[in-house]
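Enquirer: Take this structure first; my questions come after.
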Amino acid sequence: LGCGIVGGGVAELLLRDRTRIEALTGVRYNLKGIAVRSVDKRRDIHDVPHDLFTSNAGALVADPDVDLVIECIGGRDAAGELVERALESRKHVVSANKELLATDGPRLFALAASGGVTLQYEAAVAAAIPIVRVLAESLAGDEVREVAGILNGTTNFILSSMHDGKSYAEALAQAQELGFAESDPTNDVDGIDSSHKLAILCQLAFRSAVTSPRIARRGITNVSVADIERAQRLNCAVKLLGVARYDNGELSAEIAPVFVPELHPFARAQGAENCVRVVGRSSGPLTFYGQGAGRFPSASAVIGDIVAAMRTIAGGRTTARHHHAKLHAAGVIKPAYDAFEKVRSEGSSYPVWREPTASATDDRPAVNA
Ligand code: HSE
């Protein structure tokens with residue numbers, strides 16, 4: 001459902017990577033259709049046959065051949081109704097819709113549970129960073145005390161650009177062009193998008209039915225060049241942070257621009273990167289970085305959820321997960337640092353670390369958008 005920035009990336013990957021995904025899941029699949037508002041709109045996507053497009057989303061969801069509905073429309077109303085219908089008809093759902101989950105999540109999870117189907121939403125928070133699964137599964141046995149971080153790529157892109165001397169308006173226009181911003185960027189700059197993501201993180205971390213309207217928030221529209229300069233004089237960076245703490249049975253949560261010391265992990269997130277830090281009682285602090293917006297970083301998370309849902313559909317059958325990895329016999333694995341030979345620093349026998357090149361990823365360079 002939907003073929004915008006995220007939906008378009010998901011459709012491309014589902015078609016391009018079919019063989020690999022089928023081998024991973026043991027499920028053979030067909031992309032039955034892509035529901036859009038306008039079938040004939042020109043779209044910036046590749047190798048997606050035009051006859052897959054339909055303007056009848058309701059019929060696609062109701063199609064008895066459809067086992068899995070992938071919702072990439074966004075917003076509450078139309079998307080919410082379709083997700084609800086899918087769950088009521090006992091279809092698994094993968095959704096990238098933070099607003100829907102942050103406002104109606106608890107009700108939708110109950111609906112999914114009563115129908116015995118799954119509702120997965122890794123892409124709803126911090127795009128490519130797998131923080132939903134970390135909180136839902138890896139840290140499920142721990143007591144999470146705090147979740148905090150940069151949860152919106154657009155505002156981080158704008159603030160990073162302002163630190164580099166660009167104007168707010170110029171940076172916002174560029175973020176829109178790069179596909180980071182929401183269709184209405186007010187949601188980004190006013191902290192609304194971050195509050196949705198923080199609500200979802202609270203639901204996961206504290207098992208609490210927190211919804212986004214209950215979270216206090218301030219966005220970045222009032223952050224001035226003078227504020228940025230003041231922060232720089234204090235060796236700080238201005239970052240839009242979402243912070244939620246659970247202390248003595250009391251939950252506090254807020255979205256606000258904050259002066260972060262330059263050496264703190266949050267200050268290192270540049271461009272559309274997000275950074276999420278979780279503090280578990282036993283785990284201690286854990287920090288996650290990565291692209292928090294954009295077509296393929298978001299589609300990567302959606303495809304991960306699709307693989308999980310397909311494995312459920314296959315009855316939890318364990319398939320040969322390493323089928324496609326190029327496994328080499330021990331002893332013939334090329335030493336990784338060979339590649340860095342040329343950058344050995346003068347007079348030292350140690351190689352120098354280098355980031356992977358942009359061609360290693362589908363979309364943009366690994367670090368800066
Ligand atoms: N507009 C959102 C952001 C997209 O900039 O983070 C990813 O949720």
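Here's how to read the names in the structure tokens: chain A, B, ... by the order shown, residue numbers from 1 in each chain, ligand numbers from 1 in the order shown.
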Give as a list in words the residues surrounding ligand 1 up to a distance of 6 Å, considering only C-alpha atoms and all ligand atoms.
Expert: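 Within the 6 Å cut-off, the matching residues are Ala127, Asn152, Gly153, Thr154, Phe180, Ala181, Glu182, Asp188, Gly292 and Ala293 of chain A.
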Enquirer: Would you write out those residues with all heavy atoms, as a PDB file, in the first residue's frame?
Expert:
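This is the output file out32.pdb:
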ATOM      1  N   ALA A 127      14.371   4.415  10.808  1.00  0.00           N
ATOM      2  CA  ALA A 127      14.588   3.757   9.503  1.00  0.00           C
ATOM      3  C   ALA A 127      15.481   2.516   9.591  1.00  0.00           C
ATOM      4  O   ALA A 127      15.053   1.487  10.098  1.00  0.00           O
ATOM      5  CB  ALA A 127      15.112   4.764   8.484  1.00  0.00           C
ATOM      6  N   ASN A 152      14.903  11.885  14.259  1.00  0.00           N
ATOM      7  CA  ASN A 152      14.389  12.445  13.004  1.00  0.00           C
ATOM      8  C   ASN A 152      15.548  12.858  12.104  1.00  0.00           C
ATOM      9  O   ASN A 152      16.393  13.672  12.500  1.00  0.00           O
ATOM     10  CB  ASN A 152      13.483  13.647  13.324  1.00  0.00           C
ATOM     11  CG  ASN A 152      12.907  14.262  12.061  1.00  0.00           C
ATOM     12  OD1 ASN A 152      13.506  15.153  11.472  1.00  0.00           O
ATOM     13  ND2 ASN A 152      11.766  13.777  11.619  1.00  0.00           N
ATOM     14  N   GLY A 153      15.579  12.266  10.902  1.00  0.00           N
ATOM     15  CA  GLY A 153      16.691  12.529   9.983  1.00  0.00           C
ATOM     16  C   GLY A 153      16.659  13.936   9.412  1.00  0.00           C
ATOM     17  O   GLY A 153      17.702  14.591   9.275  1.00  0.00           O
ATOM     18  N   THR A 154      15.466  14.423   9.096  1.00  0.00           N
ATOM     19  CA  THR A 154      15.338  15.740   8.471  1.00  0.00           C
ATOM     20  C   THR A 154      15.892  16.837   9.376  1.00  0.00           C
ATOM     21  O   THR A 154      16.684  17.678   8.941  1.00  0.00           O
ATOM     22  CB  THR A 154      13.848  16.023   8.162  1.00  0.00           C
ATOM     23  OG1 THR A 154      13.386  14.985   7.301  1.00  0.00           O
ATOM     24  CG2 THR A 154      13.649  17.370   7.503  1.00  0.00           C
ATOM     25  N   PHE A 180      14.009  12.889   2.621  1.00  0.00           N
ATOM     26  CA  PHE A 180      14.045  12.615   4.060  1.00  0.00           C
ATOM     27  C   PHE A 180      12.783  13.136   4.751  1.00  0.00           C
ATOM     28  O   PHE A 180      12.304  12.548   5.710  1.00  0.00           O
ATOM     29  CB  PHE A 180      15.249  13.293   4.728  1.00  0.00           C
ATOM     30  CG  PHE A 180      16.582  12.880   4.158  1.00  0.00           C
ATOM     31  CD1 PHE A 180      17.630  13.779   4.072  1.00  0.00           C
ATOM     32  CD2 PHE A 180      16.792  11.582   3.715  1.00  0.00           C
ATOM     33  CE1 PHE A 180      18.858  13.403   3.562  1.00  0.00           C
ATOM     34  CE2 PHE A 180      18.018  11.193   3.198  1.00  0.00           C
ATOM     35  CZ  PHE A 180      19.054  12.108   3.119  1.00  0.00           C
ATOM     36  N   ALA A 181      12.283  14.268   4.266  1.00  0.00           N
ATOM     37  CA  ALA A 181      11.203  14.960   4.977  1.00  0.00           C
ATOM     38  C   ALA A 181       9.854  14.281   4.773  1.00  0.00           C
ATOM     39  O   ALA A 181       9.630  13.582   3.773  1.00  0.00           O
ATOM     40  CB  ALA A 181      11.140  16.411   4.524  1.00  0.00           C
ATOM     41  N   GLU A 182       8.958  14.500   5.722  1.00  0.00           N
ATOM     42  CA  GLU A 182       7.571  14.046   5.579  1.00  0.00           C
ATOM     43  C   GLU A 182       6.886  14.867   4.492  1.00  0.00           C
ATOM     44  O   GLU A 182       7.369  15.946   4.139  1.00  0.00           O
ATOM     45  CB  GLU A 182       6.822  14.257   6.897  1.00  0.00           C
ATOM     46  CG  GLU A 182       7.349  13.442   8.044  1.00  0.00           C
ATOM     47  CD  GLU A 182       7.296  11.951   7.768  1.00  0.00           C
ATOM     48  OE1 GLU A 182       6.204  11.405   7.606  1.00  0.00           O
ATOM     49  OE2 GLU A 182       8.372  11.328   7.686  1.00  0.00           O
ATOM     50  N   ASP A 188       8.206  17.160  10.804  1.00  0.00           N
ATOM     51  CA  ASP A 188       9.611  16.972  11.172  1.00  0.00           C
ATOM     52  C   ASP A 188      10.068  18.107  12.071  1.00  0.00           C
ATOM     53  O   ASP A 188      10.520  17.878  13.196  1.00  0.00           O
ATOM     54  CB  ASP A 188      10.490  16.950   9.903  1.00  0.00           C
ATOM     55  CG  ASP A 188      10.174  15.788   8.986  1.00  0.00           C
ATOM     56  OD1 ASP A 188      10.403  14.648   9.405  1.00  0.00           O
ATOM     57  OD2 ASP A 188       9.699  16.016   7.853  1.00  0.00           O
ATOM     58  N   GLY A 292      18.581   7.423   9.349  1.00  0.00           N
ATOM     59  CA  GLY A 292      17.261   7.474   9.969  1.00  0.00           C
ATOM     60  C   GLY A 292      16.166   7.890   9.017  1.00  0.00           C
ATOM     61  O   GLY A 292      15.019   8.054   9.429  1.00  0.00           O
ATOM     62  N   ALA A 293      16.491   8.073   7.744  1.00  0.00           N
ATOM     63  CA  ALA A 293      15.475   8.468   6.758  1.00  0.00           C
ATOM     64  C   ALA A 293      16.028   8.123   5.381  1.00  0.00           C
ATOM     65  O   ALA A 293      17.216   7.853   5.228  1.00  0.00           O
ATOM     66  CB  ALA A 293      15.198   9.973   6.854  1.00  0.00           C
TER      67      ALA A 293
END
Enquirer: Counting only C-alpha atoms, which residues of stretch 189-280 of chain A fall within 8 Å of stretch 139-147 of chain A, and what is the closest atom pair for each with its distance in Å at one decimal, ordered by chain and rising number, as a Markdown table?
Expert:
| residue | atom | partner | partner_atom | distance |
| --- | --- | --- | --- | --- |
| A:Leu201 | CA | A:Val147 | CA | 7.3 |
| A:Cys202 | CA | A:Val147 | CA | 7.7 |
| A:Ala205 | CA | A:Val144 | CA | 5.8 |
| A:Phe206 | CA | A:Val144 | CA | 6.7 |
| A:Val243 | CA | A:Val147 | CA | 6.1 |
| A:Ala244 | CA | A:Val147 | CA | 5.3 |
| A:Arg245 | CA | A:Glu146 | CA | 4.4 |
| A:Tyr246 | CA | A:Arg145 | CA | 5.2 |
| A:Asp247 | CA | A:Arg145 | CA | 6.9 |
| A:Val276 | CA | A:Val147 | CA | 7.1 |
| A:Arg277 | CA | A:Val147 | CA | 5.8 |
| A:Val278 | CA | A:Val147 | CA | 4.6 |
| A:Val279 | CA | A:Glu146 | CA | 5.1 |
| A:Gly280 | CA | A:Val144 | CA | 4.2 |
Enquirer: Show me, as number ranges by chain, the residues that have an atom within 9 Å of stretch 132-134 of chain A when counting only C-alpha atoms, minus same-chain residues fewer than 5 positions from it.
Expert: A: 121-125, 139-140, 200-201, 204
Enquirer: Write the residues you've just listed into a file as a CSV table (one decimal), in the first residue's frame, and include all heavy atoms for each of them.
Expert:
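Output (out_5.csv):
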chain,number,residue,atom,x,y,z
A,121,TYR,N,6.9,-3.5,12.5
A,121,TYR,CA,7.0,-2.1,12.2
A,121,TYR,C,8.4,-1.5,12.4
A,121,TYR,O,8.6,-0.4,12.9
A,121,TYR,CB,6.0,-1.3,13.0
A,121,TYR,CG,6.1,-1.6,14.5
A,121,TYR,CD1,6.7,-0.8,15.4
A,121,TYR,CD2,5.5,-2.8,15.0
A,121,TYR,CE1,6.8,-1.1,16.8
A,121,TYR,CE2,5.6,-3.1,16.3
A,121,TYR,CZ,6.2,-2.3,17.2
A,121,TYR,OH,6.3,-2.6,18.5
A,122,GLU,N,9.4,-2.3,12.1
A,122,GLU,CA,10.8,-1.8,12.3
A,122,GLU,C,11.1,-0.5,11.6
A,122,GLU,O,11.8,0.3,12.2
A,122,GLU,CB,11.8,-2.9,11.8
A,122,GLU,CG,13.2,-2.7,12.1
A,122,GLU,CD,13.5,-2.6,13.5
A,122,GLU,OE1,13.5,-3.7,14.2
A,122,GLU,OE2,13.8,-1.5,14.1
A,123,ALA,N,10.5,-0.2,10.5
A,123,ALA,CA,10.9,1.0,9.7
A,123,ALA,C,10.2,2.2,10.3
A,123,ALA,O,10.6,3.4,10.0
A,123,ALA,CB,10.5,0.9,8.3
A,124,ALA,N,9.3,2.0,11.3
A,124,ALA,CA,8.6,3.2,11.9
A,124,ALA,C,9.5,4.0,12.7
A,124,ALA,O,9.3,5.2,13.0
A,124,ALA,CB,7.4,2.7,12.7
A,125,VAL,N,10.6,3.5,13.3
A,125,VAL,CA,11.5,4.2,14.1
A,125,VAL,C,12.9,4.1,13.6
A,125,VAL,O,13.5,3.0,13.5
A,125,VAL,CB,11.5,3.7,15.6
A,125,VAL,CG1,12.3,4.5,16.5
A,125,VAL,CG2,10.1,3.6,16.1
A,139,LEU,N,16.4,-7.2,24.2
A,139,LEU,CA,16.5,-6.6,25.5
A,139,LEU,C,15.2,-7.0,26.3
A,139,LEU,O,14.9,-6.4,27.4
A,139,LEU,CB,16.6,-5.1,25.5
A,139,LEU,CG,18.0,-4.6,25.0
A,139,LEU,CD1,18.0,-3.1,24.9
A,139,LEU,CD2,19.1,-5.1,26.0
A,140,ALA,N,14.4,-7.9,25.8
A,140,ALA,CA,13.1,-8.2,26.4
A,140,ALA,C,13.3,-8.7,27.8
A,140,ALA,O,12.4,-8.5,28.7
A,140,ALA,CB,12.4,-9.3,25.6
A,200,ILE,N,6.5,5.1,20.4
A,200,ILE,CA,6.7,3.7,20.0
A,200,ILE,C,7.8,3.1,20.9
A,200,ILE,O,7.7,2.0,21.4
A,200,ILE,CB,7.0,3.6,18.5
A,200,ILE,CG1,5.8,4.0,17.7
A,200,ILE,CG2,7.3,2.1,18.2
A,200,ILE,CD1,6.0,4.1,16.2
A,201,LEU,N,8.9,3.8,21.0
A,201,LEU,CA,10.0,3.3,21.8
A,201,LEU,C,9.6,3.1,23.3
A,201,LEU,O,10.0,2.1,23.9
A,201,LEU,CB,11.2,4.3,21.8
A,201,LEU,CG,11.9,4.4,20.4
A,201,LEU,CD1,13.0,5.4,20.4
A,201,LEU,CD2,12.5,3.0,20.0
A,204,LEU,N,7.6,0.0,23.6
A,204,LEU,CA,8.5,-1.2,23.6
A,204,LEU,C,9.3,-1.3,24.9
A,204,LEU,O,9.4,-2.4,25.5
A,204,LEU,CB,9.4,-1.1,22.4
A,204,LEU,CG,8.8,-1.4,21.0
A,204,LEU,CD1,9.6,-0.8,19.9
A,204,LEU,CD2,8.6,-2.9,20.8
Enquirer: Check the smallest atom-to-atom distance from each of A:Pro106, A:Gly9, A:Gly315, A:Pro265 to A:Ile45 using only C-alpha atoms, then report the winner.
Expert: A:Gly9
Enquirer: For A:Ile306, which residue out of A:Val69, A:Ala57, A:Ala175, A:Asp51 is the nearest one, using only C-alpha atoms?
Expert: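 Closest candidate: A:Val69.
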Enquirer: One number please: atom CA of A:Asn97 to atom CA of A:Val260, in Å, one decimal.
Expert: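 According to the coordinates, atom CA of A:Asn97 and atom CA of A:Val260 are separated by 29.0 Å.
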Enquirer: So that I can check the surroundings of A:Ser183, please list as a compact mmCIF listing (two decimals) with all heavy atoms, in the first residue's frame every protein, DNA and RNA residue that reaches within 12 Å of it, counting only C-alpha atoms and ignoring chain neighbours fewer than 3 positions away.
Expert:
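Saved to part.txt:
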# COMPACT_ATOMS: atom_id res chain seq x y z
N GLY A 4 5.42 5.74 -2.34
CA GLY A 4 6.22 6.96 -2.20
C GLY A 4 7.69 6.59 -2.02
O GLY A 4 8.16 5.60 -2.56
N ILE A 5 8.37 7.40 -1.19
CA ILE A 5 9.80 7.16 -0.97
C ILE A 5 10.02 5.73 -0.45
O ILE A 5 10.82 4.97 -1.01
CB ILE A 5 10.35 8.17 0.08
CG1 ILE A 5 10.21 9.61 -0.41
CG2 ILE A 5 11.78 7.83 0.47
CD1 ILE A 5 11.19 10.02 -1.46
N ILE A 73 1.82 3.87 3.34
CA ILE A 73 1.08 5.09 2.96
C ILE A 73 1.43 6.21 3.92
O ILE A 73 1.68 7.35 3.53
CB ILE A 73 -0.45 4.85 2.99
CG1 ILE A 73 -0.84 3.74 2.02
CG2 ILE A 73 -1.19 6.14 2.67
CD1 ILE A 73 -2.32 3.38 2.07
N GLY A 74 1.44 5.89 5.20
CA GLY A 74 1.66 6.92 6.22
C GLY A 74 0.36 7.60 6.59
O GLY A 74 -0.67 7.44 5.91
N GLY A 75 0.37 8.32 7.70
CA GLY A 75 -0.83 9.01 8.17
C GLY A 75 -1.78 8.03 8.84
O GLY A 75 -1.59 6.82 8.77
N THR A 154 15.47 14.42 9.10
CA THR A 154 15.34 15.74 8.47
C THR A 154 15.89 16.84 9.38
O THR A 154 16.68 17.68 8.94
CB THR A 154 13.85 16.02 8.16
OG1 THR A 154 13.39 14.99 7.30
CG2 THR A 154 13.65 17.37 7.50
N ALA A 175 16.77 18.69 2.27
CA ALA A 175 16.27 17.48 2.94
C ALA A 175 15.01 16.97 2.24
O ALA A 175 14.81 15.76 2.09
CB ALA A 175 15.97 17.76 4.40
N GLN A 176 14.19 17.90 1.75
CA GLN A 176 12.97 17.49 1.03
C GLN A 176 13.34 16.84 -0.29
O GLN A 176 12.81 15.81 -0.67
CB GLN A 176 12.08 18.71 0.79
CG GLN A 176 11.37 19.16 2.06
CD GLN A 176 10.52 20.40 1.82
OE1 GLN A 176 11.06 21.49 1.63
NE2 GLN A 176 9.22 20.23 1.82
N GLU A 177 14.31 17.46 -0.96
CA GLU A 177 14.75 16.95 -2.26
C GLU A 177 15.33 15.53 -2.12
O GLU A 177 15.13 14.67 -2.98
CB GLU A 177 15.84 17.89 -2.76
CG GLU A 177 16.00 17.97 -4.26
CD GLU A 177 17.07 19.02 -4.54
OE1 GLU A 177 16.85 20.20 -4.20
OE2 GLU A 177 18.13 18.63 -5.02
N GLY A 179 14.43 13.32 -0.10
CA GLY A 179 13.41 12.35 0.31
C GLY A 179 13.45 12.02 1.79
O GLY A 179 12.94 10.98 2.19
N PHE A 180 14.01 12.89 2.62
CA PHE A 180 14.05 12.61 4.06
C PHE A 180 12.78 13.14 4.75
O PHE A 180 12.30 12.55 5.71
CB PHE A 180 15.25 13.29 4.73
CG PHE A 180 16.58 12.88 4.16
CD1 PHE A 180 17.63 13.78 4.07
CD2 PHE A 180 16.79 11.58 3.71
CE1 PHE A 180 18.86 13.40 3.56
CE2 PHE A 180 18.02 11.19 3.20
CZ PHE A 180 19.05 12.11 3.12
N THR A 186 6.30 20.11 8.40
CA THR A 186 5.98 20.62 9.75
C THR A 186 6.12 19.48 10.76
O THR A 186 6.54 19.68 11.90
CB THR A 186 4.51 21.12 9.79
OG1 THR A 186 4.30 21.93 8.66
CG2 THR A 186 4.21 21.89 11.05
N ASN A 187 5.72 18.29 10.34
CA ASN A 187 5.81 17.14 11.24
C ASN A 187 7.24 16.88 11.69
O ASN A 187 7.47 16.43 12.81
CB ASN A 187 5.28 15.88 10.54
CG ASN A 187 3.78 15.88 10.47
OD1 ASN A 187 3.12 16.34 11.38
ND2 ASN A 187 3.23 15.39 9.37
N ASP A 188 8.21 17.16 10.80
CA ASP A 188 9.61 16.97 11.17
C ASP A 188 10.07 18.11 12.07
O ASP A 188 10.52 17.88 13.20
CB ASP A 188 10.49 16.95 9.90
CG ASP A 188 10.17 15.79 8.99
OD1 ASP A 188 10.40 14.65 9.40
OD2 ASP A 188 9.70 16.02 7.85
N ASP A 193 7.04 14.18 14.37
CA ASP A 193 7.55 12.89 13.92
C ASP A 193 8.39 12.23 15.03
O ASP A 193 8.24 11.04 15.31
CB ASP A 193 8.39 13.11 12.64
CG ASP A 193 8.98 11.84 12.09
OD1 ASP A 193 8.27 11.12 11.38
OD2 ASP A 193 10.17 11.57 12.38
Enquirer: Quick check for you: according to DSSP on this backbone, which residues of stretch 107-186 of chain A are classed as strand (DSSP E or B)? Reply as a ChimeraX atom specification.
Expert: /A:119-120,144-150
Enquirer: What's the 8 Å shell around A:Ala299, counting only C-alpha atoms, without same-chain residues fewer than 4 positions away, as a PDB file with all heavy atoms, in the first residue's frame?
Expert:
ATOM      1  N   VAL A   6       9.297   5.352   0.608  1.00  0.00           N
ATOM      2  CA  VAL A   6       9.539   4.047   1.225  1.00  0.00           C
ATOM      3  C   VAL A   6       8.917   2.918   0.395  1.00  0.00           C
ATOM      4  O   VAL A   6       9.591   1.940   0.041  1.00  0.00           O
ATOM      5  CB  VAL A   6       8.993   4.000   2.677  1.00  0.00           C
ATOM      6  CG1 VAL A   6       9.283   2.657   3.314  1.00  0.00           C
ATOM      7  CG2 VAL A   6       9.602   5.123   3.506  1.00  0.00           C
ATOM      8  N   GLY A   7       7.635   3.073   0.046  1.00  0.00           N
ATOM      9  CA  GLY A   7       6.938   2.026  -0.708  1.00  0.00           C
ATOM     10  C   GLY A   7       7.640   1.715  -2.024  1.00  0.00           C
ATOM     11  O   GLY A   7       7.745   0.547  -2.425  1.00  0.00           O
ATOM     12  N   GLY A   9      10.796   1.997  -2.708  1.00  0.00           N
ATOM     13  CA  GLY A   9      12.018   1.230  -2.425  1.00  0.00           C
ATOM     14  C   GLY A   9      11.692  -0.224  -2.102  1.00  0.00           C
ATOM     15  O   GLY A   9      12.374  -1.150  -2.551  1.00  0.00           O
ATOM     16  N   VAL A  10      10.606  -0.433  -1.340  1.00  0.00           N
ATOM     17  CA  VAL A  10      10.217  -1.797  -0.963  1.00  0.00           C
ATOM     18  C   VAL A  10       9.831  -2.594  -2.212  1.00  0.00           C
ATOM     19  O   VAL A  10      10.264  -3.740  -2.395  1.00  0.00           O
ATOM     20  CB  VAL A  10       9.048  -1.774   0.050  1.00  0.00           C
ATOM     21  CG1 VAL A  10       8.505  -3.173   0.294  1.00  0.00           C
ATOM     22  CG2 VAL A  10       9.498  -1.138   1.360  1.00  0.00           C
ATOM     23  N   LEU A  13      12.924  -3.576  -4.163  1.00  0.00           N
ATOM     24  CA  LEU A  13      13.717  -4.640  -3.525  1.00  0.00           C
ATOM     25  C   LEU A  13      12.993  -5.983  -3.552  1.00  0.00           C
ATOM     26  O   LEU A  13      13.620  -7.029  -3.738  1.00  0.00           O
ATOM     27  CB  LEU A  13      14.075  -4.268  -2.079  1.00  0.00           C
ATOM     28  CG  LEU A  13      14.982  -3.044  -1.899  1.00  0.00           C
ATOM     29  CD1 LEU A  13      15.341  -2.855  -0.428  1.00  0.00           C
ATOM     30  CD2 LEU A  13      16.264  -3.157  -2.726  1.00  0.00           C
ATOM     31  N   ALA A 123      10.550  -0.239  10.453  1.00  0.00           N
ATOM     32  CA  ALA A 123      10.889   1.002   9.737  1.00  0.00           C
ATOM     33  C   ALA A 123      10.237   2.235  10.345  1.00  0.00           C
ATOM     34  O   ALA A 123      10.556   3.358   9.964  1.00  0.00           O
ATOM     35  CB  ALA A 123      10.479   0.890   8.270  1.00  0.00           C
ATOM     36  N   ALA A 127      14.371   4.415  10.808  1.00  0.00           N
ATOM     37  CA  ALA A 127      14.588   3.757   9.503  1.00  0.00           C
ATOM     38  C   ALA A 127      15.481   2.516   9.591  1.00  0.00           C
ATOM     39  O   ALA A 127      15.053   1.487  10.098  1.00  0.00           O
ATOM     40  CB  ALA A 127      15.112   4.764   8.484  1.00  0.00           C
ATOM     41  N   ALA A 128      16.724   2.631   9.146  1.00  0.00           N
ATOM     42  CA  ALA A 128      17.564   1.435   9.015  1.00  0.00           C
ATOM     43  C   ALA A 128      18.059   0.866  10.346  1.00  0.00           C
ATOM     44  O   ALA A 128      18.487  -0.284  10.404  1.00  0.00           O
ATOM     45  CB  ALA A 128      18.763   1.753   8.125  1.00  0.00           C
ATOM     46  N   ARG A 295      14.974   6.445   1.172  1.00  0.00           N
ATOM     47  CA  ARG A 295      14.318   5.303   0.521  1.00  0.00           C
ATOM     48  C   ARG A 295      14.877   3.946   0.948  1.00  0.00           C
ATOM     49  O   ARG A 295      14.171   3.130   1.522  1.00  0.00           O
ATOM     50  CB  ARG A 295      14.429   5.462  -1.007  1.00  0.00           C
ATOM     51  CG  ARG A 295      14.041   4.206  -1.757  1.00  0.00           C
ATOM     52  CD  ARG A 295      13.759   4.468  -3.197  1.00  0.00           C
ATOM     53  NE  ARG A 295      12.426   5.056  -3.317  1.00  0.00           N
ATOM     54  CZ  ARG A 295      11.880   5.449  -4.460  1.00  0.00           C
ATOM     55  NH1 ARG A 295      12.558   5.347  -5.585  1.00  0.00           N
ATOM     56  NH2 ARG A 295      10.671   5.954  -4.488  1.00  0.00           N
ATOM     57  N   ILE A 303      11.858  -4.644   4.553  1.00  0.00           N
ATOM     58  CA  ILE A 303      12.132  -5.973   3.993  1.00  0.00           C
ATOM     59  C   ILE A 303      12.492  -6.960   5.123  1.00  0.00           C
ATOM     60  O   ILE A 303      12.082  -8.119   5.095  1.00  0.00           O
ATOM     61  CB  ILE A 303      13.275  -5.910   2.936  1.00  0.00           C
ATOM     62  CG1 ILE A 303      12.843  -5.056   1.731  1.00  0.00           C
ATOM     63  CG2 ILE A 303      13.702  -7.316   2.493  1.00  0.00           C
ATOM     64  CD1 ILE A 303      11.858  -5.690   0.776  1.00  0.00           C
TER      65      ILE A 303
END
Enquirer: Which residues are near A:Cys275? Cut-off 9 Å, only C-alpha atoms, ignore same chain within fewer than 3 positions. Put them as a list in words.
Expert: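 So, after excluding close chain neighbours, the residues are Ala126, Ile129, Ala148, Gly149, Ile150, Leu151, Pro265, Phe266, Arg268, Ala269, Thr287, Phe288, Tyr289, Gly290, Gln291 and Gly292 of chain A.
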Enquirer: Could you write out the selected residues, including N, CA and C atoms, as a PDB file, in the first residue's frame?
Expert:
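Generated file (again19.pdb):
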ATOM      1  N   ALA A 126      13.490   5.301  13.315  1.00  0.00           N
ATOM      2  CA  ALA A 126      14.914   5.392  12.961  1.00  0.00           C
ATOM      3  C   ALA A 126      15.300   4.562  11.732  1.00  0.00           C
ATOM      4  N   ILE A 129      17.987   1.647  11.414  1.00  0.00           N
ATOM      5  CA  ILE A 129      18.509   1.148  12.705  1.00  0.00           C
ATOM      6  C   ILE A 129      17.527   0.128  13.284  1.00  0.00           C
ATOM      7  N   ALA A 148      16.910   7.250  24.609  1.00  0.00           N
ATOM      8  CA  ALA A 148      17.064   8.644  24.207  1.00  0.00           C
ATOM      9  C   ALA A 148      17.784   8.707  22.881  1.00  0.00           C
ATOM     10  N   GLY A 149      17.581   9.808  22.168  1.00  0.00           N
ATOM     11  CA  GLY A 149      18.374   9.953  20.956  1.00  0.00           C
ATOM     12  C   GLY A 149      17.784  10.873  19.922  1.00  0.00           C
ATOM     13  N   ILE A 150      18.445  10.846  18.775  1.00  0.00           N
ATOM     14  CA  ILE A 150      18.039  11.646  17.616  1.00  0.00           C
ATOM     15  C   ILE A 150      17.154  10.747  16.776  1.00  0.00           C
ATOM     16  N   LEU A 151      15.893  11.124  16.647  1.00  0.00           N
ATOM     17  CA  LEU A 151      14.917  10.226  16.033  1.00  0.00           C
ATOM     18  C   LEU A 151      14.384  10.754  14.713  1.00  0.00           C
ATOM     19  N   PRO A 265      28.254  10.717  21.892  1.00  0.00           N
ATOM     20  CA  PRO A 265      27.812   9.983  20.692  1.00  0.00           C
ATOM     21  C   PRO A 265      26.690  10.701  19.915  1.00  0.00           C
ATOM     22  N   PHE A 266      25.758  11.354  20.609  1.00  0.00           N
ATOM     23  CA  PHE A 266      24.662  12.031  19.893  1.00  0.00           C
ATOM     24  C   PHE A 266      25.208  13.100  18.939  1.00  0.00           C
ATOM     25  N   ARG A 268      27.769  13.091  17.235  1.00  0.00           N
ATOM     26  CA  ARG A 268      28.461  12.570  16.042  1.00  0.00           C
ATOM     27  C   ARG A 268      27.502  12.195  14.926  1.00  0.00           C
ATOM     28  N   ALA A 269      26.205  12.113  15.206  1.00  0.00           N
ATOM     29  CA  ALA A 269      25.243  11.792  14.136  1.00  0.00           C
ATOM     30  C   ALA A 269      25.166  12.987  13.193  1.00  0.00           C
ATOM     31  N   THR A 287      24.520   1.928  22.221  1.00  0.00           N
ATOM     32  CA  THR A 287      24.294   3.029  21.273  1.00  0.00           C
ATOM     33  C   THR A 287      24.178   2.499  19.852  1.00  0.00           C
ATOM     34  N   PHE A 288      23.171   2.976  19.138  1.00  0.00           N
ATOM     35  CA  PHE A 288      22.902   2.527  17.765  1.00  0.00           C
ATOM     36  C   PHE A 288      22.885   3.729  16.828  1.00  0.00           C
ATOM     37  N   TYR A 289      23.644   3.626  15.746  1.00  0.00           N
ATOM     38  CA  TYR A 289      23.709   4.705  14.751  1.00  0.00           C
ATOM     39  C   TYR A 289      23.236   4.221  13.406  1.00  0.00           C
ATOM     40  N   GLY A 290      22.827   5.097  12.546  1.00  0.00           N
ATOM     41  CA  GLY A 290      22.573   4.713  11.155  1.00  0.00           C
ATOM     42  C   GLY A 290      21.669   5.706  10.473  1.00  0.00           C
ATOM     43  N   GLN A 291      21.377   5.428   9.208  1.00  0.00           N
ATOM     44  CA  GLN A 291      20.526   6.322   8.435  1.00  0.00           C
ATOM     45  C   GLN A 291      19.107   6.271   8.984  1.00  0.00           C
ATOM     46  N   GLY A 292      18.581   7.423   9.349  1.00  0.00           N
ATOM     47  CA  GLY A 292      17.261   7.474   9.969  1.00  0.00           C
ATOM     48  C   GLY A 292      16.166   7.890   9.017  1.00  0.00           C
TER      49      GLY A 292
END
